[in-house]
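Working notes, structure below.
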There are 4 protein chains.
Amino acid sequence: MDCTISSPTAIVLLCCPDQRGLVAKLANFIYANGGNIIAADHHTDTAAGVFISRIEWDLAGFNLPRDIIAPAFDSIAQPLQAQWQLHFSDTPQKVALWVTKQDHCLLDLLWRQQSCELLGEVALIISNHQLLEPIAQQFNIPYYHLPITPQNLQEQEARSLELLQEYGVHLVVLAKYMQILTPRFLAKFPAVINIHHSFLPAFAGANPYQRAYTRGVKIIGATAHYVTEDLDEGPIIEQDVVRVTHRDRVEDLIRKGKDLERMVLARAVRLHLEHRVLTYGNRTVVFS
Amino acid sequence: MDCTISSPTAIVLLCCPDQRGLVAKLANFIYANGGNIIAADHHTDTAAGVFISRIEWDLAGFNLPRDIIAPAFDSIAQPLQAQWQLHFSDTPQKVALWVTKQDHCLLDLLWRQQSCELLGEVALIISNHQLLEPIAQQFNIPYYHLPITPQNLQEQEARSLELLQEYGVHLVVLAKYMQILTPRFLAKFPAVINIHHSFLPAFAGANPYQRAYTRGVKIIGATAHYVTEDLDEGPIIEQDVVRVTHRDRVEDLIRKGKDLERMVLARAVRLHLEHRVLTYGNRTVVFS
Amino acid sequence: MDCTISSPTAIVLLCCPDQRGLVAKLANFIYANGGNIIAADHHTDTAAGVFISRIEWDLAGFNLPRDIIAPAFDSIAQPLQAQWQLHFSDTPQKVALWVTKQDHCLLDLLWRQQSCELLGEVALIISNHQLLEPIAQQFNIPYYHLPITPQNLQEQEARSLELLQEYGVHLVVLAKYMQILTPRFLAKFPAVINIHHSFLPAFAGANPYQRAYTRGVKIIGATAHYVTEDLDEGPIIEQDVVRVTHRDRVEDLIRKGKDLERMVLARAVRLHLEHRVLTYGNRTVVFS
Amino acid sequence: MDCTISSPTAIVLLCCPDQRGLVAKLANFIYANGGNIIAADHHTDTAAGVFISRIEWDLAGFNLPRDIIAPAFDSIAQPLQAQWQLHFSDTPQKVALWVTKQDHCLLDLLWRQQSCELLGEVALIISNHQLLEPIAQQFNIPYYHLPITPQNLQEQEARSLELLQEYGVHLVVLAKYMQILTPRFLAKFPAVINIHHSFLPAFAGANPYQRAYTRGVKIIGATAHYVTEDLDEGPIIEQDVVRVTHRDRVEDLIRKGKDLERMVLARAVRLHLEHRVLTYGNRTVVFS
């Protein structure tokens, strides 16, 4: 399927100390250059004194050439002490999928890419096992089998970083990658989304379904979050839940959870690739 | 409980043909007069070519006196061919609750008002039955028993309109009022929210729970909507659902539905009273 | 993956006029023959005077040979005027998937079969288009392209029935098959599950997403049901919903709906294949 | 409202080691004595080797007088090493509501009792504060103000136990009672349901809404559970959740959570009073 975007837009995500006139300044910049805003959403965290904004405007009729927009915008953003990002909707982001042995999230994301549901392109798949290589072949995506041993972790990470650079990857998605990333790796490549198979902060860590069963909960969940140094403690992007009953054994929780995992991860990846997620502190703002 | 609002704000709801510079013009108006925007949300319906906006700003430090804001804003809005409303968050809206014999929505709304959950004040209760008068007395709210007969409908409506005017009512909430309002009434008082005990458009009309049971649905719902001349066809503000099984008889559907009805109606009334709902065509935009 | 069932069970689904002693008679039959009940669920529709039961027992240690169970059970069921079915959990049911051009439900069901989530085997795929044949090849499943023209409907149906018989099919799943089955066909093969892309009975018929958008609903749904002569009126097996907002265009409803459709259809097919669904009147009892 | 039950039933809840013939033995007991089963649900936890059953039968036409049923049933249950309870649906259970200062769960339960939604009778209200006494007066229910100081806890508990005995209470409901019960108290009165304002095991302990906000979760929950010596660790009866966004401040979480709390607590109390909940280990079986 051809996923070409017919009307490309520019998107600014911005975060700065709150003050008067912010919306006016942002809107004036776009208006003064002939742009038409098609979506604008702002959030003020009054307790933290933080202003957060996402503005998207039509590039058709916008007077500034693409390579001039960033420096021009910077002259507005700098005095506001703003952190900001500029994106163009027709620049698909390159994604690396990291997997171990489970295929449900991998298949789901690949199918969504094929169906033009994701504004991104899966550039490569990395796995510490060989098992899922046939899926990569079937979708014509390079598959790198990088096994992990107690001895080679540093080397394996270095090779992964090389590959991410080589393929120009913007986002790593841990699609059931059952390994922990080191602070060293995250310092070099921080844009990583993970799916955890529980309703965080409940059942962080290993074996969440078994522990949910033992605790006798009536609802189980899944959580997609950015990866930070603290395992399962990163900013949450999306969560969802499903009911269970006393009839559900651990294997039923796992089965029901797999559906949750792929839905929640796909939504989080989609939101990120559409530049709808901004983190501040350990929280996310999701402009959906 | 004292529900005083500590930091009053001004809120503009606006709807106009889409064009360049709208966000800039609105934001500049507020900034130029020293206002600090605390919430701004915009929506463009590109298919309909309509721009819809809700902007809320702090009145502290705003340079224009309250009675000047509307005429000043109008000089911006007029050239845009905009329909707009201006509200102040510390002006509680007067609400009339219309009921018949069921008390669950009535009690729920009165309790929420007492708990300061609703930015409004229940000014009076109107009913075609005497049954719920003790509840009104308990909450110290005037109760008007206006029975309806085939002969007196026009008279009863005229009396209702008199009362709405006398009490300065902004919003009528049909909290399980089992009568149909006439086009004549709605032409004179259009701000009416109804709760329908089904997931509209399924089971519009009478006996939705019985019909849901007969159809064997696995989920039932409730719908809060603005009332228009076409029964159960008005713009939908909020809906919610709950699962049912083959074990649920009609009386169980009614019981489960009552919880839905009061939750959905309360959310819709709250959204309306916070000026978060705007209708265009037969649709609502809910800035929540 | 090898989906062998380690502890085969027998399952009886039964429906009869309510009377005293039914549970005792069923349980005694199993106990007297050395069986151990592992699940038993009964439902009495007191209004209709109908008793409905699902009993599952371990075949290990059961004294009757498999081919004797049905005649033996019949001697109990006959005097009760019962309609009943006997199934063995290790006899996988043969399923035919019927599709048109959309692949999401097809792929989802094939993935689930591969993961041993479904107690069934997809024996063949029938389509009125050629488009999805590569998926069939990839999963090594026979694909029959039976185009439909105004002239050949009767012939196409006859050929379909031949194929269902040839492959010994127990269940037809319309996995987004955008054609209507005739009463003639259904009289000969009644076990058909369809997925409708709305929350029935809302938006029965064509273009439900467009109509949901126009109506301005805040929640959309999907419904899996048995197919009867009356379009979209058959007994409902499973439904689910998802929230939408004013920001969702028709294409967003379609995208969100696709996830609903595959989840709801998969759950319904799974429930049917585990012999957990029984219909009476136009309702289902789902023993889940 | 008169909540008389027209067709009284007997209900047995039973738990015993799994073995062949259990359903037959239970059903035969009822059938042999002329009873008609109107609901029977069984569950086998194969891993734990435990059989759990709930059977309800019509008392009309049952041959055994009520006071003979228990001893007669015991002669069947004893050889099975079963733990069991016998209840009659027309014997309303006496409930004590324990509250502190928040009224939402209290009012909700009182409304439901008034509407005949609960098979129980609120016999008294106990509080460590005077604040909610007017509500008790309005519903004509005795209110005992038993303040707690560091010195008087043992005395206060003794007085509470006296009151529970005096009023013949079967169930204590902690309807936002912000105090911890001691093991000493629970040893003497173990039938206690609590509502915790989080999705347990997430945010057990104090200030769950503040901690949920800080963690940045996208969904909050509430949990009704039986109270055990381990705070927030008792068997879970019911849970539910609601979505939150970055726009929700702590006070919004509290507001949304209040609706969850009253719904979840009411459902759990209802299930308990209908004798649909059985605990084994730290888990519940809920026959709903």
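Lettering and numbering for the structure tokens are positional, with chains as A, B, ... in the shown order, residues counted from 1 in each chain, and ligands counted from 1 in the shown order.
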
Considering only C-alpha atoms, extract the chain A residues located within 8 Å of chain C and return them as a PyMOL selection string. chain A and resi 117+255+259+263

Could the residues in this selection be written to a file with N, CA and C atoms, as a JSON list (two decimals), in the first residue's frame?
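The resulting file, out.json, is reproduced below:
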```
[["chain", "number", "residue", "atom", "x", "y", "z"],
["A", 117, "GLU", "N", -1.09, 2.67, 8.98],
["A", 117, "GLU", "CA", -1.61, 3.21, 10.24],
["A", 117, "GLU", "C", -0.54, 3.96, 11.01],
["A", 255, "ARG", "N", -3.07, -14.98, 27.61],
["A", 255, "ARG", "CA", -3.76, -14.83, 26.33],
["A", 255, "ARG", "C", -4.49, -13.49, 26.24],
["A", 259, "ASP", "N", -3.49, -9.54, 23.78],
["A", 259, "ASP", "CA", -4.30, -8.59, 23.02],
["A", 259, "ASP", "C", -4.12, -7.17, 23.55],
["A", 263, "MET", "N", -2.37, -3.84, 21.47],
["A", 263, "MET", "CA", -3.16, -2.63, 21.28],
["A", 263, "MET", "C", -2.48, -1.43, 21.94]]
```

Using only C-alpha atoms, determine which residues lie at most 8 Å from segment 155-163 of chain D, disregarding the query and same-chain residues fewer than 5 positions distant; provide the list as a list in words.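 So the residues in contact are Ile126, Leu146, Pro147, Ile148, Phe185 and Phe189 of chain D.
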
Could you save the residues just selected, with C-alpha atoms, as a PDB file, in the first residue's frame?
```
ATOM      1  CA  ILE D 126     -20.478   4.001  63.392  1.00  0.00           C
ATOM      2  CA  LEU D 146     -16.986   6.662  68.770  1.00  0.00           C
ATOM      3  CA  PRO D 147     -13.972   8.961  68.625  1.00  0.00           C
ATOM      4  CA  ILE D 148     -10.534   7.411  68.501  1.00  0.00           C
ATOM      5  CA  PHE D 185     -10.979  -6.933  66.142  1.00  0.00           C
ATOM      6  CA  PHE D 189     -15.580 -10.033  63.542  1.00  0.00           C
TER       7      PHE D 189
END
```

The distance between atom CA of Thr228 of chain B and atom CA of Ile195 of chain B is 12.9 Å

Segment 69-85 of chain B: which residues within 7 Å, counting only C-alpha atoms, same-chain residues fewer than 3 positions away excluded, as a list in words? Val12, Leu13, Leu14, Cys15, Cys16, Leu64, Pro65 and Arg66 of chain B

Write down as JSON, numbers by chain the residues belonging to segment 34-272 of chain C that are assigned strand (DSSP E or B) by DSSP computed on the backbone. {"C": [36, 37, 38, 39, 40, 41, 42, 43, 44, 45, 50, 51, 52, 53, 54, 55, 56, 57, 58, 83, 84, 85, 86, 87, 88, 93, 94, 95, 96, 97, 98, 99, 120, 121, 122, 123, 124, 125, 126, 127, 143, 144, 145, 171, 172, 173, 174, 192, 193, 194, 195, 196, 219, 220, 221, 222, 223, 224, 225, 226, 236, 237, 238, 239, 240, 241, 242, 243]}

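Using only C-alpha atoms, the protein and nucleic acid residues lying no more than 7 Å from Pro17 of chain C, apart from those fewer than 5 places from it along its own chain, are Gly49, Val50 and Phe51 of chain C.
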
Give me the residues near segment 130-137 of chain C as a VMD selection string, where near means some atom within 10 Å (using only C-alpha atoms) and where sequence neighbours in that chain fewer than 5 positions away do not count. chain C and resid 99 to 103 106 to 107 110 124 to 125 142 to 147

Residues from the last selection, N, CA and C atoms, saved as a compact mmCIF listing (two decimals), in the first residue's frame:
```
# COMPACT_ATOMS: atom_id res chain seq x y z
N VAL C 99 -13.92 -13.98 2.98
CA VAL C 99 -13.43 -12.60 3.01
C VAL C 99 -13.71 -11.91 1.68
N THR C 100 -13.57 -10.59 1.70
CA THR C 100 -13.67 -9.84 0.45
C THR C 100 -12.33 -9.19 0.17
N LYS C 101 -12.09 -7.97 0.68
CA LYS C 101 -10.82 -7.30 0.38
C LYS C 101 -10.05 -6.89 1.62
N GLN C 102 -10.70 -6.81 2.77
CA GLN C 102 -10.01 -6.35 3.97
C GLN C 102 -9.32 -7.52 4.65
N ASP C 103 -8.09 -7.27 5.12
CA ASP C 103 -7.29 -8.39 5.63
C ASP C 103 -7.21 -8.46 7.15
N LEU C 106 -9.01 -11.46 8.87
CA LEU C 106 -8.41 -12.69 8.34
C LEU C 106 -7.06 -12.97 9.00
N LEU C 107 -6.18 -11.97 8.96
CA LEU C 107 -4.85 -12.15 9.53
C LEU C 107 -4.93 -12.44 11.02
N LEU C 110 -5.93 -15.99 11.62
CA LEU C 110 -4.86 -16.92 11.25
C LEU C 110 -3.72 -16.90 12.27
N LEU C 124 -10.18 -23.76 4.84
CA LEU C 124 -10.11 -23.09 3.53
C LEU C 124 -10.57 -21.65 3.68
N ILE C 125 -10.21 -20.85 2.66
CA ILE C 125 -10.64 -19.46 2.60
C ILE C 125 -11.40 -19.29 1.30
N PRO C 142 -5.82 -23.50 1.46
CA PRO C 142 -6.46 -23.40 0.14
C PRO C 142 -7.34 -22.15 0.06
N TYR C 143 -7.25 -21.47 -1.07
CA TYR C 143 -7.99 -20.23 -1.29
C TYR C 143 -8.85 -20.40 -2.53
N TYR C 144 -10.13 -20.19 -2.39
CA TYR C 144 -11.03 -20.32 -3.53
C TYR C 144 -11.61 -18.96 -3.89
N HIS C 145 -11.30 -18.56 -5.11
CA HIS C 145 -11.81 -17.29 -5.60
C HIS C 145 -13.11 -17.55 -6.35
N LEU C 146 -14.21 -17.19 -5.73
CA LEU C 146 -15.53 -17.40 -6.34
C LEU C 146 -16.20 -16.06 -6.55
N PRO C 147 -15.93 -15.42 -7.70
CA PRO C 147 -16.49 -14.09 -7.94
C PRO C 147 -18.01 -14.14 -8.00
```

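Excluding segment 167-169 of chain D and any residue on its chain fewer than 4 positions from it, the residues at most 7 Å away by only C-alpha atoms are D:Lys94, D:Val95, D:Ala96, D:Ala123, D:Leu163.
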
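Distances to Val277 of chain A were evaluated for A:Val173, A:Ile52, A:Ala212, A:Leu231 using only C-alpha atoms, and the minimum falls at A:Ile52.
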